[in-house]
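Shown next: upload.pdb, given as PDB, C-alpha atoms and all ligand atoms.
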MODEL        1
ATOM      1  CA  MET A   1     122.040 107.015  59.817  1.00  0.00           C
ATOM      2  CA  ARG A   2     120.045 103.902  60.597  1.00  0.00           C
ATOM      3  CA  PHE A   3     121.534 103.477  64.038  1.00  0.00           C
ATOM      4  CA  SER A   4     120.586 106.887  65.346  1.00  0.00           C
ATOM      5  CA  GLY A   5     117.174 106.457  63.786  1.00  0.00           C
ATOM      6  CA  THR A   6     116.647 103.241  65.728  1.00  0.00           C
ATOM      7  CA  ARG A   7     117.890 104.931  68.842  1.00  0.00           C
ATOM      8  CA  THR A   8     115.422 107.783  68.430  1.00  0.00           C
ATOM      9  CA  LEU A   9     112.643 105.275  67.935  1.00  0.00           C
ATOM     10  CA  LEU A  10     113.616 103.437  71.130  1.00  0.00           C
ATOM     11  CA  LEU A  11     113.695 106.665  73.103  1.00  0.00           C
ATOM     12  CA  SER A  12     110.267 107.544  71.747  1.00  0.00           C
ATOM     13  CA  LEU A  13     108.970 104.128  72.767  1.00  0.00           C
ATOM     14  CA  CYS A  14     110.359 104.683  76.263  1.00  0.00           C
ATOM     15  CA  ALA A  15     108.595 108.028  76.469  1.00  0.00           C
ATOM     16  CA  VAL A  16     105.335 106.369  75.446  1.00  0.00           C
ATOM     17  CA  LEU A  17     105.796 103.649  78.073  1.00  0.00           C
ATOM     18  CA  VAL A  18     106.487 106.207  80.796  1.00  0.00           C
ATOM     19  CA  ALA A  19     103.391 108.165  79.741  1.00  0.00           C
ATOM     20  CA  ALA A  20     101.343 104.964  79.798  1.00  0.00           C
ATOM     21  CA  THR A  21     102.583 104.125  83.289  1.00  0.00           C
ATOM     22  CA  ALA A  22     101.653 107.582  84.513  1.00  0.00           C
ATOM     23  CA  ALA A  23      98.192 107.128  83.015  1.00  0.00           C
ATOM     24  CA  PHE A  24      97.791 103.831  84.847  1.00  0.00           C
ATOM     25  CA  ALA A  25      98.620 105.584  88.110  1.00  0.00           C
ATOM     26  CA  ASP A  26      95.468 107.655  87.592  1.00  0.00           C
ATOM     27  CA  GLY A  27      93.435 104.531  86.874  1.00  0.00           C
ATOM     28  CA  VAL A  28      91.445 102.110  88.971  1.00  0.00           C
ATOM     29  CA  ALA A  29      93.686 102.580  92.010  1.00  0.00           C
ATOM     30  CA  ASP A  30      92.421 106.152  92.381  1.00  0.00           C
ATOM     31  CA  LYS A  31      88.819 104.932  92.421  1.00  0.00           C
ATOM     32  CA  VAL A  32      89.418 102.427  95.190  1.00  0.00           C
ATOM     33  CA  THR A  33      89.664 103.243  98.891  1.00  0.00           C
ATOM     34  CA  ILE A  34      91.214 100.771 101.325  1.00  0.00           C
ATOM     35  CA  ASN A  35      90.208 100.927 104.969  1.00  0.00           C
ATOM     36  CA  ASP A  36      91.505  99.121 108.062  1.00  0.00           C
ATOM     37  CA  PRO A  37      94.185  96.929 106.451  1.00  0.00           C
ATOM     38  CA  TYR A  38      95.742  94.427 108.868  1.00  0.00           C
ATOM     39  CA  VAL A  39      97.826  91.274 108.880  1.00  0.00           C
ATOM     40  CA  ARG A  40      97.515  88.309 111.214  1.00  0.00           C
ATOM     41  CA  ALA A  41     100.351  88.100 113.751  1.00  0.00           C
ATOM     42  CA  VAL A  42     102.223  84.775 113.632  1.00  0.00           C
ATOM     43  CA  PRO A  43     105.057  83.208 115.670  1.00  0.00           C
ATOM     44  CA  PRO A  44     108.468  82.708 113.998  1.00  0.00           C
ATOM     45  CA  VAL A  45     107.815  79.020 113.170  1.00  0.00           C
ATOM     46  CA  VAL A  46     104.795  79.920 111.039  1.00  0.00           C
ATOM     47  CA  LYS A  47     105.704  80.959 107.519  1.00  0.00           C
ATOM     48  CA  THR A  48     102.244  81.848 106.242  1.00  0.00           C
ATOM     49  CA  THR A  49      99.762  84.540 107.162  1.00  0.00           C
ATOM     50  CA  ALA A  50      96.979  86.572 105.617  1.00  0.00           C
ATOM     51  CA  ALA A  51      96.055  90.225 105.139  1.00  0.00           C
ATOM     52  CA  PHE A  52      92.526  91.579 105.555  1.00  0.00           C
ATOM     53  CA  MET A  53      90.929  94.944 104.730  1.00  0.00           C
ATOM     54  CA  GLN A  54      87.821  96.770 103.551  1.00  0.00           C
ATOM     55  CA  ILE A  55      88.004  97.615  99.825  1.00  0.00           C
ATOM     56  CA  GLN A  56      85.644 100.304  98.587  1.00  0.00           C
ATOM     57  CA  ASN A  57      85.101 100.758  94.849  1.00  0.00           C
ATOM     58  CA  THR A  58      83.928 104.356  94.434  1.00  0.00           C
ATOM     59  CA  ASP A  59      83.665 103.972  90.652  1.00  0.00           C
ATOM     60  CA  ALA A  60      80.407 103.389  88.762  1.00  0.00           C
ATOM     61  CA  VAL A  61      81.830 100.330  87.004  1.00  0.00           C
ATOM     62  CA  GLU A  62      82.961  96.970  88.330  1.00  0.00           C
ATOM     63  CA  ARG A  63      86.667  96.460  88.920  1.00  0.00           C
ATOM     64  CA  PHE A  64      88.933  93.586  89.836  1.00  0.00           C
ATOM     65  CA  ILE A  65      91.976  93.041  91.986  1.00  0.00           C
ATOM     66  CA  VAL A  66      94.166  90.721  89.947  1.00  0.00           C
ATOM     67  CA  GLY A  67      97.203  90.337  92.187  1.00  0.00           C
ATOM     68  CA  ALA A  68      99.011  91.319  95.369  1.00  0.00           C
ATOM     69  CA  SER A  69     102.549  91.467  96.698  1.00  0.00           C
ATOM     70  CA  SER A  70     104.487  92.333  99.834  1.00  0.00           C
ATOM     71  CA  PRO A  71     108.190  92.551 100.658  1.00  0.00           C
ATOM     72  CA  ILE A  72     107.645  90.375 103.764  1.00  0.00           C
ATOM     73  CA  ALA A  73     106.549  87.301 101.770  1.00  0.00           C
ATOM     74  CA  SER A  74     108.033  85.297  98.902  1.00  0.00           C
ATOM     75  CA  ASP A  75     104.603  84.520  97.422  1.00  0.00           C
ATOM     76  CA  VAL A  76     101.309  86.358  97.743  1.00  0.00           C
ATOM     77  CA  GLU A  77      97.994  85.021  96.411  1.00  0.00           C
ATOM     78  CA  LEU A  78      94.344  86.029  96.400  1.00  0.00           C
ATOM     79  CA  HIS A  79      92.272  83.481  98.342  1.00  0.00           C
ATOM     80  CA  MET A  80      88.735  82.651  99.378  1.00  0.00           C
ATOM     81  CA  HIS A  81      87.258  80.173 101.828  1.00  0.00           C
ATOM     82  CA  GLU A  82      84.674  77.665 100.729  1.00  0.00           C
ATOM     83  CA  HIS A  83      82.784  74.724 102.149  1.00  0.00           C
ATOM     84  CA  ASP A  84      84.071  71.439 100.784  1.00  0.00           C
ATOM     85  CA  GLY A  85      82.223  68.416 102.130  1.00  0.00           C
ATOM     86  CA  GLY A  86      81.528  70.173 105.435  1.00  0.00           C
ATOM     87  CA  VAL A  87      85.118  71.368 105.765  1.00  0.00           C
ATOM     88  CA  MET A  88      86.194  74.970 105.286  1.00  0.00           C
ATOM     89  CA  ARG A  89      89.078  75.176 102.851  1.00  0.00           C
ATOM     90  CA  MET A  90      91.053  77.971 101.297  1.00  0.00           C
ATOM     91  CA  ARG A  91      91.296  78.222  97.548  1.00  0.00           C
ATOM     92  CA  ARG A  92      93.345  80.448  95.287  1.00  0.00           C
ATOM     93  CA  ILE A  93      91.226  82.704  93.068  1.00  0.00           C
ATOM     94  CA  PRO A  94      92.322  84.618  89.947  1.00  0.00           C
ATOM     95  CA  HIS A  95      90.787  87.909  91.050  1.00  0.00           C
ATOM     96  CA  ILE A  96      88.655  89.652  93.654  1.00  0.00           C
ATOM     97  CA  HIS A  97      85.527  91.227  92.176  1.00  0.00           C
ATOM     98  CA  LEU A  98      84.796  94.836  93.192  1.00  0.00           C
ATOM     99  CA  PRO A  99      81.187  95.704  92.278  1.00  0.00           C
ATOM    100  CA  PRO A 100      80.473  99.388  91.507  1.00  0.00           C
ATOM    101  CA  ASP A 101      79.874 101.651  94.521  1.00  0.00           C
ATOM    102  CA  ARG A 102      80.296  98.784  96.967  1.00  0.00           C
ATOM    103  CA  THR A 103      82.664  97.777  99.746  1.00  0.00           C
ATOM    104  CA  VAL A 104      84.126  94.273  99.697  1.00  0.00           C
ATOM    105  CA  ALA A 105      85.340  92.874 103.004  1.00  0.00           C
ATOM    106  CA  LEU A 106      88.481  90.767 103.184  1.00  0.00           C
ATOM    107  CA  GLU A 107      88.116  89.070 106.564  1.00  0.00           C
ATOM    108  CA  PRO A 108      89.000  85.878 108.461  1.00  0.00           C
ATOM    109  CA  GLY A 109      86.918  82.994 107.068  1.00  0.00           C
ATOM    110  CA  GLY A 110      86.322  84.836 103.786  1.00  0.00           C
ATOM    111  CA  LEU A 111      88.310  86.576 101.091  1.00  0.00           C
ATOM    112  CA  HIS A 112      91.920  87.307 102.016  1.00  0.00           C
ATOM    113  CA  VAL A 113      95.374  88.098 100.709  1.00  0.00           C
ATOM    114  CA  MET A 114      97.464  84.987 101.427  1.00  0.00           C
ATOM    115  CA  MET A 115     101.148  85.374 102.184  1.00  0.00           C
ATOM    116  CA  PHE A 116     103.624  82.490 101.900  1.00  0.00           C
ATOM    117  CA  GLY A 117     107.307  82.285 102.744  1.00  0.00           C
ATOM    118  CA  LEU A 118     107.389  84.941 105.453  1.00  0.00           C
ATOM    119  CA  ARG A 119     110.851  86.396 105.889  1.00  0.00           C
ATOM    120  CA  SER A 120     110.397  87.078 109.617  1.00  0.00           C
ATOM    121  CA  ALA A 121     107.996  86.775 112.550  1.00  0.00           C
ATOM    122  CA  LEU A 122     105.139  89.273 112.636  1.00  0.00           C
ATOM    123  CA  HIS A 123     104.562  90.972 115.973  1.00  0.00           C
ATOM    124  CA  PRO A 124     101.418  92.964 116.821  1.00  0.00           C
ATOM    125  CA  GLY A 125     101.862  96.644 116.051  1.00  0.00           C
ATOM    126  CA  GLU A 126     104.351  96.189 113.247  1.00  0.00           C
ATOM    127  CA  GLU A 127     103.588  97.692 109.852  1.00  0.00           C
ATOM    128  CA  VAL A 128     103.557  95.692 106.621  1.00  0.00           C
ATOM    129  CA  PRO A 129     103.299  97.166 103.122  1.00  0.00           C
ATOM    130  CA  VAL A 130     100.814  95.327 100.911  1.00  0.00           C
ATOM    131  CA  THR A 131     100.476  96.222  97.231  1.00  0.00           C
ATOM    132  CA  LEU A 132      97.311  95.443  95.294  1.00  0.00           C
ATOM    133  CA  THR A 133      97.246  95.316  91.481  1.00  0.00           C
ATOM    134  CA  PHE A 134      94.036  96.192  89.647  1.00  0.00           C
ATOM    135  CA  ASP A 135      92.725  95.013  86.278  1.00  0.00           C
ATOM    136  CA  ASP A 136      94.072  98.076  84.421  1.00  0.00           C
ATOM    137  CA  GLY A 137      97.584  97.486  85.793  1.00  0.00           C
ATOM    138  CA  SER A 138      97.422 100.303  88.334  1.00  0.00           C
ATOM    139  CA  THR A 139      98.564  99.519  91.866  1.00  0.00           C
ATOM    140  CA  LYS A 140      97.888 100.710  95.372  1.00  0.00           C
ATOM    141  CA  THR A 141     100.143 100.104  98.361  1.00  0.00           C
ATOM    142  CA  VAL A 142      98.656 100.194 101.844  1.00  0.00           C
ATOM    143  CA  THR A 143     100.287  99.903 105.264  1.00  0.00           C
ATOM    144  CA  ALA A 144      98.744  96.967 107.091  1.00  0.00           C
ATOM    145  CA  ILE A 145      99.080  96.756 110.871  1.00  0.00           C
ATOM    146  CA  VAL A 146     100.052  93.398 112.361  1.00  0.00           C
ATOM    147  CA  ARG A 147      97.296  92.269 114.716  1.00  0.00           C
ATOM    148  CA  SER A 148      96.433  89.236 116.822  1.00  0.00           C
ATOM    149  CA  VAL A 149      93.477  87.533 115.145  1.00  0.00           C
ATOM    150  CA  GLU A 150      91.239  85.046 116.950  1.00  0.00           C
ATOM    151  CA  GLY A 151      90.746  81.608 115.466  1.00  0.00           C
ATOM    152  CA  MET A 152      92.915  79.006 113.832  1.00  0.00           C
ATOM    153  CA  MET A 153      94.618  79.450 110.520  1.00  0.00           C
ATOM    154  CA  MET A 154      92.940  77.301 107.872  1.00  0.00           C
ATOM    155  CA  HIS A 155      95.280  74.880 106.182  1.00  0.00           C
ATOM    156  CA  HIS A 156      95.387  74.085 102.510  1.00  0.00           C
TER     157      HIS A 156
HETATM  158 CU    CU B   1      94.557  81.446 102.161  1.00  0.00          CU
ENDMDL
END
Encoding of this model in structure tokens:
Amino acid sequence: MRFSGTRTLLLSLCAVLVAATAAFADGVADKVTINDPYVRAVPPVVKTTAAFMQIQNTDAVERFIVGASSPIASDVELHMHEHDGGVMRMRRIPHIHLPPDRTVALEPGGLHVMMFGLRSALHPGEEVPVTLTFDDGSTKTVTAIVRSVEGMMMHH
């Protein structure tokens, strides 16, 4: 019975994948604490914003955030600011480094989670889910509060 044999194999593979996913859930995400997550409030005409937070790596080894997502935006990227000929510019980065036993600040003018293609205006006090993906594939979703943030948005 080749067919049923294949089927059994597939089911076994599924079981392994589910087990692997569960293992990931106990991975880096559990060693990282997120404090004070917030998102910059923007008027309806503005379709980009950024999320900021304090990210504490409680593990004894370095970790990386390799991606982010949110249901309020069509595209989410990891960004940093840098000086470029006397001008501050934003640049996409492949990951955010989390040194062991340290807190990394995502803040205006520095590292941030960039959100493009906003689906609606963001009013102060609203809550926005932001999901971070770590280098082992584990994820952590935080509830960021929409806040008015001083200063201009940097353009790309
Ligand atoms: Cu940016």
Selected residue of minimal separation from ligand CU 1 (chain B) among A:His97, A:Arg91, A:Arg119, A:Lys47, counting only C-alpha atoms and all ligand atoms: A:Arg91
Expected selection as a PyMOL selection string for ligand CU 1 (chain B) within 7 Å, all atoms listed in the file: chain A and resi 50+79-80+90-91+112-114
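One finds atom CA of A:Gly117 at 24.4 Å from atom CA of A:Ala105.
Residues matching the PyMOL selection byres (((chain A and resi 41) around 7) and not hetatm) in this structure come to A:Val39, A:Arg40, A:Val42, A:Leu122, A:His123, A:Pro124, A:Val146, A:Arg147, A:Ser148.
What separates atom CA of A:Ser74 from atom CA of A:Thr48 is a distance of 10.0 Å.
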